[in-house]
Amino acid sequence: MQHRIIVLGAGYTGAVAAGRLAKRLHRDDVAVTLVNAEPDFVERVRMHQLATGQELTSRPLAAMFAGTGVELRQAKVTGVDVDRRTVAVTGPDGEAEELAYDTLVYALGSGWNDQGVPGTTEHAHEIAGRPGALRLRERLAGLGAGESVVVVGGGLTGLEAATEIAESRPDLDVALAARGGLGDWLSPKGRRHLRKVFGRLGITAHEHTTVTRVDADRVTTADGASLPAAVTVWTTGFAVHPIARATALEVTDTGQVVVDHTMRSVSHPDVYAIGDAALAMGAGGKPLRMSCASGGFTALHAADAITARLTGGKPPKGTIRYFNQCISLGRKEGLIQYVTADDRAVRAALTGRFAALYKELICKGAAWSAANPTFGLPVRRRRALHEQAAGRPGPAETAEASA
């Protein structure tokens, strides 16, 4: 009897995890199913480019996973029952179905977070996914010269959105509202370069500014000021998919699944959570931030841990660490901020055109890794132990649980 592994979500993390599992485990022992609502892989880190009219490479999931042994199911996940070990899905035709699993990899990721600010859902645009980026693209295309765009949020997404819009539409009045100082987490060199690029692109930075309301033509700040905004782009962080919160899984107040160092749920050992969906600890005991940089490594950790447990091996023990933060500032400028293992900026930073090329290589590499999830791994697949393949705990799991 095959061990049934279901991976929910085919973003960067889910795609990598599914491909790695299919390559490392023997097809006679394990069936890997990848469930995703859309038929294509979406390069989420390029949504600001899509929003400004740039065309992105089409990456159909069927082509990505052809010949890998991964079964693709295009369906929307509507529920997970971790006690019965089932997943409820609805297909493109509206037909509901229930899928049973022995091991679940939860990689549904996150969407935009309106932070409960009045008027945001009605009037603001988001670029956390392709539908939102396409809506923003249409709205920006309809703006006339001199009209105003306000990007709310001074994190990586906000910086990339503001600079991309300003570079592609120099006729618009682009501003960014940040709760702190502009790039205040960066090194002095990084902050200087960021201000230089903002100045060259004509972007107005409203620092230490909290937006408390969004209307169709303006945003209001905590001090009562009103900023004109024909278009408001909301980039104040991400909110995880709500499915996990509705299950019996142990989750945080924000809905992230609490996992151990192998990305395994601390409450349900047959469930693994990866990427934005998981509260995972990195170097220095600090939670990993929601990012592509974190997600890829959590996917590898989970896939290798599942493989080890099914084949009687030892799960990985390494700690996920950071090396840099890669920020595109339009197509011609970039900023690579080098960081400590626990994601604190150091003095060194790469700037300018070379940094833009570096960031582009990182983006292409992330997409390539997801599109080629089995590349470079040994062809010989490992056989699962009988007990684990049947969905029962084997010697390695029993020993680990009692340790």
# chains A, B, ... in the order shown; residues from 1 in each chain; ligands from 1

call {"tool": "residues_around", "arguments": {"residues": "Arg130 in chain A", "least_positions_apart": "6", "cutoff": "10 Å", "atoms": "only C-alpha atoms", "output": "PyMOL selection string"}}
result
chain A and resi 42-44+46-48+50-51+136

call {"tool": "residues_around", "arguments": {"residues": "Ala62 in chain A", "least_positions_apart": "4", "cutoff": "10 Å", "atoms": "only C-alpha atoms", "output": "JSON, numbers by chain"}}
result
{"A": [39, 40, 41, 66, 67, 70, 71, 72, 73]}

call {"tool": "write_last_selection", "arguments": {"atoms": "N, CA and C atoms", "output": "mmCIF file, in the first residue's frame"}}
result
data_model
loop_
_atom_site.group_PDB
_atom_site.id
_atom_site.type_symbol
_atom_site.label_atom_id
_atom_site.label_comp_id
_atom_site.auth_asym_id
_atom_site.auth_seq_id
_atom_site.Cartn_x
_atom_site.Cartn_y
_atom_site.Cartn_z
ATOM 1 N N PRO A 39 -3.624 26.744 -12.505
ATOM 2 C CA PRO A 39 -2.878 25.771 -13.307
ATOM 3 C C PRO A 39 -1.418 26.153 -13.525
ATOM 4 N N ASP A 40 -1.047 27.383 -13.156
ATOM 5 C CA ASP A 40 0.306 27.874 -13.411
ATOM 6 C C ASP A 40 1.047 28.202 -12.124
ATOM 7 N N PHE A 41 2.361 28.115 -12.208
ATOM 8 C CA PHE A 41 3.219 28.584 -11.121
ATOM 9 C C PHE A 41 3.328 30.099 -11.217
ATOM 10 N N ALA A 66 5.949 17.334 -15.390
ATOM 11 C CA ALA A 66 5.842 16.209 -16.323
ATOM 12 C C ALA A 66 6.976 15.216 -16.096
ATOM 13 N N GLY A 67 6.629 13.956 -15.916
ATOM 14 C CA GLY A 67 7.626 12.907 -15.754
ATOM 15 C C GLY A 67 8.211 12.773 -14.367
ATOM 16 N N VAL A 70 4.775 13.263 -9.782
ATOM 17 C CA VAL A 70 3.867 14.045 -8.949
ATOM 18 C C VAL A 70 2.514 14.150 -9.653
ATOM 19 N N GLU A 71 1.441 13.818 -8.955
ATOM 20 C CA GLU A 71 0.100 13.963 -9.501
ATOM 21 C C GLU A 71 -0.406 15.371 -9.202
ATOM 22 N N LEU A 72 -0.796 16.098 -10.238
ATOM 23 C CA LEU A 72 -1.308 17.454 -10.064
ATOM 24 C C LEU A 72 -2.823 17.431 -9.963
ATOM 25 N N ARG A 73 -3.335 18.195 -9.001
ATOM 26 C CA ARG A 73 -4.779 18.356 -8.861
ATOM 27 C C ARG A 73 -5.089 19.837 -8.799
#

call {"tool": "select_by_dssp", "arguments": {"residues": "range 267-309 of chain A", "states": "strand (DSSP E)", "output": "PyMOL selection string"}}
result
chain A and resi 271-273+278-279

call {"tool": "residues_around", "arguments": {"residues": "range 286-290 of chain A", "least_positions_apart": "5", "cutoff": "6 Å", "atoms": "only C-alpha atoms", "output": "list in words"}}
result
Asp276, Ala280 and Met281 of chain A

call {"tool": "closest_residue", "arguments": {"among": "A:Arg24, A:His193, A:Pro60, A:Thr157", "to": "Asp304 in chain A", "atoms": "only C-alpha atoms"}}
result
A:Arg24
